[in-house]
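J.: model-v2.pdb (PDB, C-alpha atoms and all ligand atoms) pasted underneath:
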```
ATOM      1  CA  MET O   1      20.410  -6.612 -15.823
ATOM      2  CA  TYR O   2      17.283  -6.978 -13.711
ATOM      3  CA  ALA O   3      16.780 -10.034 -11.506
ATOM      4  CA  LEU O   4      13.123 -10.003 -12.470
ATOM      5  CA  GLU O   5      11.272  -8.041 -15.112
ATOM      6  CA  ILE O   6       7.496  -8.022 -15.199
ATOM      7  CA  ASN O   7       6.607  -6.099 -18.327
ATOM      8  CA  HIS O   8       2.917  -5.251 -18.822
ATOM      9  CA  VAL O   9       1.659  -8.639 -17.696
ATOM     10  CA  SER O  10      -2.041  -9.470 -17.822
ATOM     11  CA  LYS O  11      -3.773 -12.721 -17.019
ATOM     12  CA  ILE O  12      -7.330 -13.592 -17.954
ATOM     13  CA  TYR O  13      -8.932 -16.799 -16.642
ATOM     14  CA  ASN O  14     -11.593 -18.534 -18.711
ATOM     15  CA  ASN O  15     -11.649 -15.733 -21.290
ATOM     16  CA  LYS O  16     -13.431 -13.422 -18.889
ATOM     17  CA  PHE O  17     -11.894 -12.843 -15.470
ATOM     18  CA  LYS O  18      -8.937 -10.447 -15.401
ATOM     19  CA  ALA O  19      -6.756 -11.614 -12.495
ATOM     20  CA  LEU O  20      -3.736  -9.504 -13.535
ATOM     21  CA  ASP O  21      -4.159  -6.164 -15.232
ATOM     22  CA  ASP O  22      -1.070  -4.674 -16.853
ATOM     23  CA  VAL O  23       1.265  -5.489 -13.952
ATOM     24  CA  ASP O  24       4.618  -3.830 -14.459
ATOM     25  CA  PHE O  25       7.622  -3.769 -12.132
ATOM     26  CA  GLN O  26      11.288  -4.722 -12.043
ATOM     27  CA  LEU O  27      13.494  -6.085  -9.287
ATOM     28  CA  ASN O  28      17.208  -5.339  -9.073
ATOM     29  CA  PRO O  29      19.626  -8.065  -8.026
ATOM     30  CA  GLY O  30      19.755  -8.172  -4.229
ATOM     31  CA  ASP O  31      16.302  -6.667  -3.678
ATOM     32  CA  PHE O  32      14.123  -8.122  -0.934
ATOM     33  CA  VAL O  33      10.574  -7.287  -1.929
ATOM     34  CA  GLY O  34       7.308  -7.912  -0.127
ATOM     35  CA  LEU O  35       4.348  -8.468  -2.445
ATOM     36  CA  LEU O  36       1.287  -7.501  -0.456
ATOM     37  CA  GLY O  37      -2.349  -7.950  -1.253
ATOM     38  CA  ILE O  38      -5.505  -9.324   0.301
ATOM     39  CA  ASN O  39      -6.835 -12.735  -0.707
ATOM     40  CA  GLY O  40      -7.725 -12.844  -4.355
ATOM     41  CA  ALA O  41      -5.559  -9.829  -5.253
ATOM     42  CA  GLY O  42      -3.609 -11.821  -7.838
ATOM     43  CA  LYS O  43      -0.363 -12.663  -6.001
ATOM     44  CA  THR O  44      -0.403 -16.386  -6.739
ATOM     45  CA  SER O  45      -1.519 -15.769 -10.337
ATOM     46  CA  LEU O  46       1.527 -13.546 -10.810
ATOM     47  CA  ILE O  47       3.864 -16.083  -9.228
ATOM     48  CA  SER O  48       2.410 -18.884 -11.368
ATOM     49  CA  SER O  49       3.056 -16.733 -14.426
ATOM     50  CA  ILE O  50       6.657 -16.115 -13.388
ATOM     51  CA  ALA O  51       7.112 -19.850 -12.833
ATOM     52  CA  GLY O  52       5.758 -20.593 -16.300
ATOM     53  CA  ILE O  53       2.753 -22.513 -14.921
ATOM     54  CA  ASN O  54       0.191 -19.913 -16.067
ATOM     55  CA  SER O  55      -0.222 -18.573 -19.561
ATOM     56  CA  PHE O  56      -0.209 -14.758 -19.651
ATOM     57  CA  LYS O  57       0.025 -11.706 -21.894
ATOM     58  CA  GLY O  58       3.096  -9.489 -21.720
ATOM     59  CA  GLN O  59       6.680 -10.374 -20.924
ATOM     60  CA  ILE O  60       8.486 -11.837 -17.943
ATOM     61  CA  LYS O  61      12.265 -12.159 -17.747
ATOM     62  CA  ILE O  62      14.301 -13.813 -15.027
ATOM     63  CA  LEU O  63      17.905 -12.582 -15.097
ATOM     64  CA  GLY O  64      17.427 -11.749 -18.736
ATOM     65  CA  GLN O  65      15.867 -15.113 -19.654
ATOM     66  CA  ASP O  66      12.415 -14.851 -21.191
ATOM     67  CA  VAL O  67       9.896 -17.133 -19.480
ATOM     68  CA  LEU O  68       7.767 -17.604 -22.593
ATOM     69  CA  SER O  69      10.513 -18.246 -25.130
ATOM     70  CA  ASN O  70      13.172 -19.760 -22.892
ATOM     71  CA  LEU O  71      11.425 -21.424 -19.967
ATOM     72  CA  VAL O  72      14.083 -24.009 -19.141
ATOM     73  CA  ALA O  73      16.865 -21.418 -18.852
ATOM     74  CA  ALA O  74      14.583 -19.026 -16.949
ATOM     75  CA  LYS O  75      13.533 -21.688 -14.443
ATOM     76  CA  LYS O  76      17.144 -22.540 -13.613
ATOM     77  CA  GLN O  77      17.454 -19.036 -12.168
ATOM     78  CA  LEU O  78      14.292 -19.385 -10.098
ATOM     79  CA  GLY O  79      13.175 -21.181  -6.939
ATOM     80  CA  VAL O  80       9.505 -20.963  -5.994
ATOM     81  CA  VAL O  81       7.979 -21.982  -2.688
ATOM     82  CA  PRO O  82       4.362 -22.375  -3.753
ATOM     83  CA  GLN O  83       1.346 -21.579  -1.615
ATOM     84  CA  GLU O  84      -0.234 -24.993  -2.112
ATOM     85  CA  LEU O  85       1.464 -27.986  -0.513
ATOM     86  CA  ALA O  86       2.018 -30.694  -3.100
ATOM     87  CA  PHE O  87       4.355 -33.681  -3.002
ATOM     88  CA  ASP O  88       4.665 -37.112  -4.433
ATOM     89  CA  PRO O  89       3.225 -39.030  -1.466
ATOM     90  CA  PHE O  90       5.318 -42.102  -2.206
ATOM     91  CA  LEU O  91       8.703 -40.422  -1.798
ATOM     92  CA  THR O  92      10.705 -39.757   1.341
ATOM     93  CA  VAL O  93      12.124 -36.329   2.173
ATOM     94  CA  ARG O  94      15.535 -37.357   0.836
ATOM     95  CA  GLN O  95      14.096 -38.829  -2.357
ATOM     96  CA  THR O  96      12.015 -35.703  -2.926
ATOM     97  CA  LEU O  97      15.115 -33.484  -2.765
ATOM     98  CA  VAL O  98      17.327 -35.810  -4.819
ATOM     99  CA  PHE O  99      14.596 -36.057  -7.435
ATOM    100  CA  GLN O 100      14.177 -32.273  -7.512
ATOM    101  CA  SER O 101      17.958 -31.837  -7.942
ATOM    102  CA  GLY O 102      17.784 -34.222 -10.880
ATOM    103  CA  LEU O 103      15.074 -32.111 -12.510
ATOM    104  CA  TYR O 104      17.528 -29.220 -12.546
ATOM    105  CA  GLY O 105      20.419 -31.371 -13.690
ATOM    106  CA  VAL O 106      22.262 -30.889 -10.386
ATOM    107  CA  LYS O 107      24.368 -33.935  -9.525
ATOM    108  CA  ASN O 108      26.181 -34.844  -6.291
ATOM    109  CA  ASN O 109      23.984 -32.511  -4.302
ATOM    110  CA  GLN O 110      24.195 -34.506  -1.071
ATOM    111  CA  ALA O 111      26.028 -31.923   1.035
ATOM    112  CA  TRP O 112      23.695 -29.079   0.102
ATOM    113  CA  ILE O 113      20.610 -31.291   0.585
ATOM    114  CA  GLU O 114      21.819 -32.171   4.055
ATOM    115  CA  GLU O 115      22.449 -28.540   4.906
ATOM    116  CA  LEU O 116      19.007 -27.539   3.642
ATOM    117  CA  VAL O 117      17.364 -30.289   5.652
ATOM    118  CA  ALA O 118      19.249 -29.257   8.765
ATOM    119  CA  ARG O 119      18.328 -25.597   8.291
ATOM    120  CA  MET O 120      14.685 -26.596   7.908
ATOM    121  CA  HIS O 121      14.919 -28.829  11.009
ATOM    122  CA  LEU O 122      13.895 -31.931   9.153
ATOM    123  CA  GLU O 123      16.965 -34.091   9.949
ATOM    124  CA  ASP O 124      14.854 -36.641  11.814
ATOM    125  CA  LYS O 125      12.532 -36.901   8.848
ATOM    126  CA  MET O 126      15.113 -37.518   6.121
ATOM    127  CA  ASP O 127      13.824 -41.023   5.435
ATOM    128  CA  ALA O 128      10.214 -40.416   6.398
ATOM    129  CA  ASN O 129       7.515 -40.501   3.805
ATOM    130  CA  THR O 130       6.221 -37.058   2.827
ATOM    131  CA  ARG O 131       2.698 -38.283   3.693
ATOM    132  CA  SER O 132       3.684 -38.574   7.332
ATOM    133  CA  LEU O 133       4.840 -34.950   7.679
ATOM    134  CA  SER O 134       2.801 -32.303   9.500
ATOM    135  CA  GLY O 135       1.652 -29.201   7.623
ATOM    136  CA  GLY O 136       4.523 -27.128   9.001
ATOM    137  CA  MET O 137       7.074 -29.797   8.068
ATOM    138  CA  LYS O 138       5.645 -30.012   4.559
ATOM    139  CA  ARG O 139       5.987 -26.242   4.257
ATOM    140  CA  ARG O 140       9.648 -26.473   5.298
ATOM    141  CA  LEU O 141      10.252 -29.265   2.817
ATOM    142  CA  MET O 142       8.799 -27.045   0.096
ATOM    143  CA  VAL O 143      11.349 -24.369   1.018
ATOM    144  CA  ALA O 144      14.186 -26.903   0.817
ATOM    145  CA  GLN O 145      12.816 -28.203  -2.480
ATOM    146  CA  ALA O 146      12.788 -24.708  -3.984
ATOM    147  CA  LEU O 147      16.447 -24.191  -3.099
ATOM    148  CA  VAL O 148      18.101 -27.425  -4.261
ATOM    149  CA  HIS O 149      19.626 -25.696  -7.297
ATOM    150  CA  LYS O 150      20.656 -22.513  -5.396
ATOM    151  CA  PRO O 151      18.592 -20.196  -7.602
ATOM    152  CA  PRO O 152      19.567 -16.500  -7.672
ATOM    153  CA  LEU O 153      15.872 -15.481  -7.592
ATOM    154  CA  ILE O 154      13.746 -16.930  -4.815
ATOM    155  CA  ILE O 155       9.980 -16.426  -4.641
ATOM    156  CA  LEU O 156       8.019 -17.441  -1.570
ATOM    157  CA  ASP O 157       4.212 -17.481  -1.650
ATOM    158  CA  GLU O 158       3.022 -17.099   1.958
ATOM    159  CA  PRO O 159       5.719 -19.449   3.257
ATOM    160  CA  THR O 160       4.990 -19.079   6.963
ATOM    161  CA  VAL O 161       1.266 -19.866   6.995
ATOM    162  CA  GLY O 162       0.740 -22.805   9.339
ATOM    163  CA  VAL O 163       4.348 -22.709  10.547
ATOM    164  CA  ASP O 164       4.782 -22.297  14.305
ATOM    165  CA  VAL O 165       6.513 -19.266  15.786
ATOM    166  CA  GLU O 166       9.869 -20.906  16.507
ATOM    167  CA  ILE O 167      10.253 -22.400  13.050
ATOM    168  CA  ARG O 168       8.975 -19.189  11.479
ATOM    169  CA  LYS O 169      11.853 -17.308  13.122
ATOM    170  CA  ASN O 170      14.333 -19.916  11.871
ATOM    171  CA  LEU O 171      12.904 -19.606   8.414
ATOM    172  CA  TRP O 172      13.222 -15.807   8.525
ATOM    173  CA  GLU O 173      16.846 -16.095   9.585
ATOM    174  CA  PHE O 174      17.556 -18.491   6.772
ATOM    175  CA  ILE O 175      15.833 -16.309   4.173
ATOM    176  CA  GLN O 176      17.719 -13.305   5.503
ATOM    177  CA  GLU O 177      20.978 -15.207   5.195
ATOM    178  CA  LEU O 178      20.185 -16.104   1.590
ATOM    179  CA  HIS O 179      19.489 -12.427   0.965
ATOM    180  CA  THR O 180      22.819 -11.442   2.519
ATOM    181  CA  GLN O 181      24.531 -13.932   0.231
ATOM    182  CA  GLY O 182      23.113 -12.015  -2.716
ATOM    183  CA  HIS O 183      19.897 -13.819  -3.594
ATOM    184  CA  THR O 184      17.019 -11.660  -4.801
ATOM    185  CA  ILE O 185      13.842 -12.390  -2.872
ATOM    186  CA  LEU O 186      10.163 -11.815  -3.540
ATOM    187  CA  LEU O 187       7.904 -12.725  -0.637
ATOM    188  CA  THR O 188       4.140 -12.639  -0.290
ATOM    189  CA  THR O 189       2.774 -12.524   3.212
ATOM    190  CA  HIS O 190      -0.039 -11.337   5.444
ATOM    191  CA  TYR O 191       2.221 -10.670   8.401
ATOM    192  CA  LEU O 192       3.310  -7.077   8.946
ATOM    193  CA  GLU O 193       6.017  -8.275  11.309
ATOM    194  CA  GLU O 194       7.482 -10.346   8.504
ATOM    195  CA  VAL O 195       7.586  -7.373   6.151
ATOM    196  CA  GLU O 196       9.013  -5.096   8.844
ATOM    197  CA  LYS O 197      11.792  -7.534   9.655
ATOM    198  CA  LEU O 198      12.760  -8.667   6.209
ATOM    199  CA  CYS O 199      11.791  -6.627   3.189
ATOM    200  CA  ASN O 200      13.235  -3.350   1.978
ATOM    201  CA  GLN O 201      10.754  -2.755  -0.821
ATOM    202  CA  ILE O 202       6.987  -3.184  -0.876
ATOM    203  CA  ILE O 203       4.725  -3.745  -3.852
ATOM    204  CA  MET O 204       0.983  -3.670  -3.237
ATOM    205  CA  ILE O 205      -1.439  -5.388  -5.532
ATOM    206  CA  ASP O 206      -5.211  -5.113  -5.533
ATOM    207  CA  LYS O 207      -7.690  -6.630  -7.985
ATOM    208  CA  GLY O 208      -4.839  -7.537 -10.288
ATOM    209  CA  LYS O 209      -3.376  -4.039 -10.402
ATOM    210  CA  ILE O 210      -0.241  -2.654  -8.783
ATOM    211  CA  ILE O 211      -1.458   0.148  -6.542
ATOM    212  CA  ALA O 212       1.795   1.034  -4.796
ATOM    213  CA  LYS O 213       5.513   0.475  -4.979
ATOM    214  CA  SER O 214       7.503   1.969  -2.163
ATOM    215  CA  SER O 215      10.297   1.489   0.276
ATOM    216  CA  LYS O 216       9.424  -0.212   3.543
ATOM    217  CA  ASP O 217       9.966   2.972   5.550
ATOM    218  CA  GLU O 218       7.386   4.758   3.474
ATOM    219  CA  LEU O 219       4.866   2.006   4.192
ATOM    220  CA  ILE O 220       5.551   2.034   7.913
ATOM    221  CA  SER O 221       5.071   5.800   8.015
ATOM    222  CA  LYS O 222       1.578   5.179   6.646
ATOM    223  CA  ALA O 223       0.924   3.173   9.798
ATOM    224  CA  ASN O 224       1.411   6.272  11.930
ATOM    225  CA  GLY O 225      -1.982   7.476  13.000
ATOM    226  CA  LEU O 226      -3.507   4.022  13.207
ATOM    227  CA  PRO O 227      -4.311   3.115  16.815
ATOM    228  CA  ILE O 228      -2.138   0.885  18.980
ATOM    229  CA  PHE O 229      -4.006  -1.034  21.688
ATOM    230  CA  PHE O 230      -2.322  -1.558  25.024
ATOM    231  CA  GLU O 231      -3.961  -4.090  27.352
ATOM    232  CA  VAL O 232      -3.145  -4.106  31.049
ATOM    233  CA  GLU O 233      -4.357  -6.620  33.602
ATOM    234  CA  THR O 234      -4.228  -5.406  37.194
ATOM    235  CA  THR O 235      -5.977  -5.986  40.487
ATOM    236  CA  ALA O 236      -4.028  -3.418  42.470
ATOM    237  CA  GLY O 237      -3.633   0.304  42.036
ATOM    238  CA  LEU O 238      -5.535   3.237  40.613
ATOM    239  CA  PHE O 239      -4.937   4.744  37.200
ATOM    240  CA  SER O 240      -4.084   8.414  37.212
ATOM    241  CA  GLU O 241      -6.177  10.793  35.138
ATOM    242  CA  SER O 242      -3.719  10.829  32.199
ATOM    243  CA  LEU O 243      -3.997   7.051  31.829
ATOM    244  CA  ARG O 244      -7.736   6.963  32.475
ATOM    245  CA  GLN O 245      -8.260   9.215  29.446
ATOM    246  CA  LEU O 246      -6.767   6.508  27.256
ATOM    247  CA  ILE O 247      -9.034   3.673  28.435
ATOM    248  CA  VAL O 248     -11.413   2.514  25.724
ATOM    249  CA  ASN O 249     -12.519  -0.775  27.264
ATOM    250  CA  LYS O 250     -12.633  -2.579  30.617
ATOM    251  CA  GLU O 251     -13.406  -6.234  31.183
ATOM    252  CA  LEU O 252     -13.000  -7.556  34.723
ATOM    253  CA  ASN O 253      -9.387  -6.634  35.534
ATOM    254  CA  LYS O 254      -8.358  -6.036  31.958
ATOM    255  CA  TYR O 255      -8.110  -2.457  30.730
ATOM    256  CA  THR O 256      -7.577  -1.553  27.088
ATOM    257  CA  LEU O 257      -5.797   1.737  26.405
ATOM    258  CA  GLN O 258      -5.725   3.254  22.968
ATOM    259  CA  LEU O 259      -2.471   4.934  21.901
ATOM    260  CA  LYS O 260      -1.640   6.986  18.850
ATOM    261  CA  THR O 261       2.082   6.396  18.431
ATOM    262  CA  SER O 262       4.642   3.813  19.487
ATOM    263  CA  GLU O 263       6.404   6.557  21.502
ATOM    264  CA  GLU O 264       3.389   6.623  23.818
ATOM    265  CA  ILE O 265       4.077   3.017  24.841
ATOM    266  CA  MET O 266       7.093   4.112  26.894
ATOM    267  CA  LEU O 267       5.137   6.969  28.462
ATOM    268  CA  VAL O 268       2.362   4.583  29.518
ATOM    269  CA  LEU O 269       4.864   2.140  31.019
ATOM    270  CA  THR O 270       6.491   4.934  33.008
ATOM    271  CA  GLN O 271       3.129   6.264  34.177
ATOM    272  CA  LEU O 272       1.996   2.780  35.274
ATOM    273  CA  GLN O 273       5.103   2.530  37.398
ATOM    274  CA  GLN O 274       4.656   6.025  38.848
ATOM    275  CA  ASP O 275       1.022   5.249  39.676
ATOM    276  CA  GLY O 276       2.204   2.132  41.522
ATOM    277  CA  ILE O 277       0.008  -0.142  39.441
ATOM    278  CA  LYS O 278       0.838  -3.804  39.805
ATOM    279  CA  VAL O 279       0.733  -5.171  36.253
ATOM    280  CA  GLU O 280      -0.148  -8.855  36.111
ATOM    281  CA  ASN O 281      -0.244  -9.103  32.384
ATOM    282  CA  MET O 282       0.038  -6.835  29.375
ATOM    283  CA  ASN O 283      -0.250  -6.987  25.662
ATOM    284  CA  ILE O 284       0.416  -4.488  22.889
ATOM    285  CA  SER O 285      -1.313  -4.860  19.548
ATOM    286  CA  ARG O 286       0.041  -2.783  16.728
ATOM    287  CA  PRO O 287      -1.856  -1.992  13.524
ATOM    288  CA  LYS O 288      -2.230  -5.011  11.328
ATOM    289  CA  LEU O 289      -0.916  -5.098   7.810
ATOM    290  CA  GLU O 290      -4.513  -5.311   6.696
ATOM    291  CA  ASP O 291      -5.308  -1.983   8.426
ATOM    292  CA  ILE O 292      -2.356  -0.248   6.816
ATOM    293  CA  PHE O 293      -3.218  -1.778   3.517
ATOM    294  CA  LEU O 294      -6.853  -0.647   3.747
ATOM    295  CA  LYS O 295      -5.692   2.796   4.771
ATOM    296  CA  TYR O 296      -3.397   2.833   1.765
ATOM    297  CA  LEU O 297      -6.307   1.801  -0.413
ATOM    298  CA  GLY O 298      -8.370   4.553   1.151
ATOM    299  CA  ARG O 299     -11.128   2.138   2.134
TER     300      ARG O 299
HETATM  301  N1  LIG O 301      -7.342 -21.258 -12.059
HETATM  302  C1  LIG O 301      -8.173 -20.222 -11.891
HETATM  303  N2  LIG O 301      -9.307 -20.117 -12.621
HETATM  304  C2  LIG O 301     -10.134 -19.055 -12.475
HETATM  305  N3  LIG O 301      -9.931 -18.055 -11.599
HETATM  306  C3  LIG O 301      -8.821 -18.106 -10.843
HETATM  307  C4  LIG O 301      -7.884 -19.183 -10.935
HETATM  308  N4  LIG O 301      -6.876 -18.964 -10.064
HETATM  309  C5  LIG O 301      -7.179 -17.807  -9.437
HETATM  310  N5  LIG O 301      -8.335 -17.294  -9.896
HETATM  311  C6  LIG O 301      -8.948 -16.031  -9.465
HETATM  312  O1  LIG O 301      -8.037 -14.978  -9.697
HETATM  313  C7  LIG O 301      -8.045 -14.050  -8.628
HETATM  314  C8  LIG O 301      -6.653 -13.931  -8.025
HETATM  315  O2  LIG O 301      -6.325 -15.150  -7.351
HETATM  316  P1  LIG O 301      -4.906 -15.426  -6.729
HETATM  317  O3  LIG O 301      -3.891 -15.098  -7.748
HETATM  318  O4  LIG O 301      -4.904 -16.791  -6.173
HETATM  319  O5  LIG O 301      -4.876 -14.334  -5.563
HETATM  320  P2  LIG O 301      -3.986 -14.263  -4.228
HETATM  321  O6  LIG O 301      -2.864 -15.221  -4.361
HETATM  322  O7  LIG O 301      -3.548 -12.835  -4.161
HETATM  323  O8  LIG O 301      -4.901 -14.607  -3.095
HETATM  324  C9  LIG O 301      -9.081 -14.555  -7.631
HETATM  325  O9  LIG O 301     -10.304 -13.878  -7.876
HETATM  326  C10 LIG O 301      -9.197 -16.013  -7.969
HETATM  327  O10 LIG O 301     -10.490 -16.494  -7.659
HETATM  328 MG    MG O 302      -2.239 -16.716  -3.152
END
```
For this file, write the structure as structure tokens.
T.:
Amino acid sequence: MYALEINHVSKIYNNKFKALDDVDFQLNPGDFVGLLGINGAGKTSLISSIAGINSFKGQIKILGQDVLSNLVAAKKQLGVVPQELAFDPFLTVRQTLVFQSGLYGVKNNQAWIEELVARMHLEDKMDANTRSLSGGMKRRLMVAQALVHKPPLIILDEPTVGVDVEIRKNLWEFIQELHTQGHTILLTTHYLEEVEKLCNQIIMIDKGKIIAKSSKDELISKANGLPIFFEVETTAGLFSESLRQLIVNKELNKYTLQLKTSEEIMLVLTQLQQDGIKVENMNISRPKLEDIFLKYLGR
């Protein structure tokens, strides 16, 4: 049985705009899939359809349960972290999670709620009103809220937007742990790093259509050939000819070198040392997901 079946799903808004056009893919139990697409591609429309919030044409099944004909059973298998932050502003963190457990008929959920809150670093906020939480805290509460009933299928719609680096790493670890425990995960994101670290399958969507389904390695290999920019700040030393050839920009003491492959990074580091260049600061920027995506699209 599939963890998620999307069978020829289309979504038309206001009888005219086709946001999803015959989307068709299946996830096996234990998959960790990145759903990639630029803004407006249809990611949230698809997730809303899976969650039974959107009407749609076609068929969606969650662990065999049909979303259209058996929504209650389907939703028990599913936890969604939505893109939009929305809470009852009059509840505390604890009340929000107890209430959510009740919606799924889960009783005596105290221990799991406390673990979730600890993992999301919200212990101090247990009795705080949701109104008083920062954007990042609200995002973490949404993750906890989606997991109160330990759903086998977890869908996260850009969960790390507005979450600071430290917490983002914690969140990744937690999601990874859930994956190791056997949960199937579908994640939408703009961050290549996130996809590289976490996902093993990639689905790309553009203008409501699936344009690619591939393993992560295949996607990364598409990134080969896109430039890597290596910035070096130095006030002492002279670049040798081999490094000078790579310079594409110079601003005050900051030189930007353009590299073709990640292997060249090591070569540049070695050369800098050999040339006796005193590096005050450096920065490496790899191709962005957007660049790879556009390359994939052939734009
Ligand atoms: N409720 C709605 N009514 C009309 N159009 C919508 C609605 N929700 C989304 N859309 C449109 O559908 C397209 C896909 O949106 P969305 O699914 O939010 O994309 P993504 O999540 O990939 O950014 C966009 O062009 C968006 O403007
Ligand atoms: Mg979206």
J.: With distances taken over only C-alpha atoms and all ligand atoms, which of O:Ala128, O:Ala118, O:Ala41, O:Ala236 is nearest to ligand MG 302 (chain O)?
T.: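 Closest to ligand MG 302 (chain O), using only C-alpha atoms and all ligand atoms: O:Ala41.
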J.: Can you give me, as a list in words, the residues this file yields under the PyMOL selection byres (((not hetatm)) within 9 of (chain O and resi 302))?
T.: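 Applying the PyMOL selection byres (((not hetatm)) within 9 of (chain O and resi 302)) to the structure shown produces Gly37, Ile38, Asn39, Gly40, Ala41, Gly42, Lys43, Thr44, Ser45, Ile47, Pro82, Gln83, Glu84, Asp157, Glu158 and Thr188 of chain O.
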J.: Which centre and which edge lengths, in Å to one decimal, describe the axis-aligned box that holds all listed atoms of ligand LIG 301 (chain O) after 8 Å is added on each side, as lines of an AutoDock Vina configuration file?
T.:
```
center_x = -6.7
center_y = -17.0
center_z = -7.9
size_x = 23.6
size_y = 24.4
size_z = 25.5
```
J.: Decode the PyMOL selection byres (((chain O and resi 221) around 12) and not hetatm) for the given file into explicit residues and return them as number ranges by chain.
T.: O: 196, 214-220, 222-226, 261-262, 287, 292, 295-296
J.: Starting from the shown file, work through the PyMOL selection byres (((chain O and resi 5) around 8) and not hetatm) and note down what comes out as a list in words.
T.: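 What the PyMOL selection byres (((chain O and resi 5) around 8) and not hetatm) grabs from the file is Tyr2, Ala3, Leu4, Ile6, Asn7, Asp24, Phe25, Gln26, Leu27, Gln59, Ile60, Lys61 and Ile62 of chain O.
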J.: May I have the selected residues written with C-alpha atoms, as a PDB file, keeping the file's coordinate frame?
T.:
```pdb
ATOM      1  CA  TYR O   2      17.283  -6.978 -13.711  1.00  0.00           C
ATOM      2  CA  ALA O   3      16.780 -10.034 -11.506  1.00  0.00           C
ATOM      3  CA  LEU O   4      13.123 -10.003 -12.470  1.00  0.00           C
ATOM      4  CA  ILE O   6       7.496  -8.022 -15.199  1.00  0.00           C
ATOM      5  CA  ASN O   7       6.607  -6.099 -18.327  1.00  0.00           C
ATOM      6  CA  ASP O  24       4.618  -3.830 -14.459  1.00  0.00           C
ATOM      7  CA  PHE O  25       7.622  -3.769 -12.132  1.00  0.00           C
ATOM      8  CA  GLN O  26      11.288  -4.722 -12.043  1.00  0.00           C
ATOM      9  CA  LEU O  27      13.494  -6.085  -9.287  1.00  0.00           C
ATOM     10  CA  GLN O  59       6.680 -10.374 -20.924  1.00  0.00           C
ATOM     11  CA  ILE O  60       8.486 -11.837 -17.943  1.00  0.00           C
ATOM     12  CA  LYS O  61      12.265 -12.159 -17.747  1.00  0.00           C
ATOM     13  CA  ILE O  62      14.301 -13.813 -15.027  1.00  0.00           C
TER      14      ILE O  62
END
```
J.: Extract, using all atoms listed in the file, all DNA, RNA and protein residues at most 6 Å from Ile155 (chain O), discarding same-chain residues fewer than 3 positions from it, and format them as a CSV table (one decimal) with C-alpha atoms, in the coordinates of the input.
T.:
```csv
chain,number,residue,atom,x,y,z
O,80,VAL,CA,9.5,-21.0,-6.0
O,185,ILE,CA,13.8,-12.4,-2.9
O,186,LEU,CA,10.2,-11.8,-3.5
O,187,LEU,CA,7.9,-12.7,-0.6
```
J.: Got a sec: who's within 10 Å of region 241-257 of chain O, counting only C-alpha atoms, leaving out chain neighbours fewer than 2 positions off, as JSON, numbers by chain?
T.: {"O": [227, 228, 229, 230, 231, 232, 233, 234, 235, 236, 238, 239, 259, 260, 267, 268, 271, 272, 275, 280, 281, 282, 283, 284]}
J.: Rank nothing, just name the residue among O:Phe87, O:Phe293, O:Tyr191, O:Trp172 nearest to Met204 (chain O), using all atoms listed in the file.
T.: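 Nearest to Met204 (chain O): O:Phe293.
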J.: When you count all atoms listed in the file, which of these residues is closest to ligand LIG 301 (chain O): O:Met137, O:Leu156, O:Val279, O:Val33?
T.: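 Residue with the minimum atom-to-atom distance to ligand LIG 301 (chain O): O:Leu156.
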J.: Point out the residue among O:Leu141, O:Ile203, O:Leu35, O:Ile167 with the least atom-to-atom distance to ligand LIG 301 (chain O), counting all atoms listed in the file.
T.: O:Leu35
J.: Kindly extract all protein, DNA and RNA residues lying within 9 Å of the coordinates (10.9, -27.2, 9.3) given in the file, considering only C-alpha atoms, and supply them as a PDB file with C-alpha atoms, in the frame of the given file.
T.:
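In the end it all went to selection-v3.pdb:
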```
ATOM      1  CA  VAL O 117      17.364 -30.289   5.652  1.00  0.00           C
ATOM      2  CA  ALA O 118      19.249 -29.257   8.765  1.00  0.00           C
ATOM      3  CA  ARG O 119      18.328 -25.597   8.291  1.00  0.00           C
ATOM      4  CA  MET O 120      14.685 -26.596   7.908  1.00  0.00           C
ATOM      5  CA  HIS O 121      14.919 -28.829  11.009  1.00  0.00           C
ATOM      6  CA  LEU O 122      13.895 -31.931   9.153  1.00  0.00           C
ATOM      7  CA  GLY O 136       4.523 -27.128   9.001  1.00  0.00           C
ATOM      8  CA  MET O 137       7.074 -29.797   8.068  1.00  0.00           C
ATOM      9  CA  LYS O 138       5.645 -30.012   4.559  1.00  0.00           C
ATOM     10  CA  ARG O 139       5.987 -26.242   4.257  1.00  0.00           C
ATOM     11  CA  ARG O 140       9.648 -26.473   5.298  1.00  0.00           C
ATOM     12  CA  LEU O 141      10.252 -29.265   2.817  1.00  0.00           C
ATOM     13  CA  VAL O 143      11.349 -24.369   1.018  1.00  0.00           C
ATOM     14  CA  VAL O 163       4.348 -22.709  10.547  1.00  0.00           C
ATOM     15  CA  ILE O 167      10.253 -22.400  13.050  1.00  0.00           C
ATOM     16  CA  ARG O 168       8.975 -19.189  11.479  1.00  0.00           C
ATOM     17  CA  ASN O 170      14.333 -19.916  11.871  1.00  0.00           C
ATOM     18  CA  LEU O 171      12.904 -19.606   8.414  1.00  0.00           C
TER      19      LEU O 171
END
```
J.: Work out how far CA of Asn70 (chain O) is from CA of Val98 (chain O), in Å to one decimal.
T.: 24.5 Å
J.: I'd like the contact shell of region 101-113 of chain O - 12 Å cut-off, all atoms listed in the file, skipping same-chain residues fewer than 5 positions apart - returned as a list in words.
T.: Val72, Ala73, Ala74, Lys75, Lys76, Gln77, Leu78, Gly79, Val93, Arg94, Gln95, Thr96, Ala118, Arg119, Met120, Leu122, Glu123, Met126, Leu141, Val143, Ala144, Gln145, Ala146, Leu147, Val148, His149, Lys150 and Pro151 of chain O
J.: Of the candidates O:Leu63, O:Glu177, O:Asn129, O:Ile205, which one gets nearest to Leu294 (chain O) if we count all atoms listed in the file?
T.: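 Of O:Leu63, O:Glu177, O:Asn129, O:Ile205, the one nearest Leu294 (chain O), counting all atoms listed in the file, is O:Ile205.
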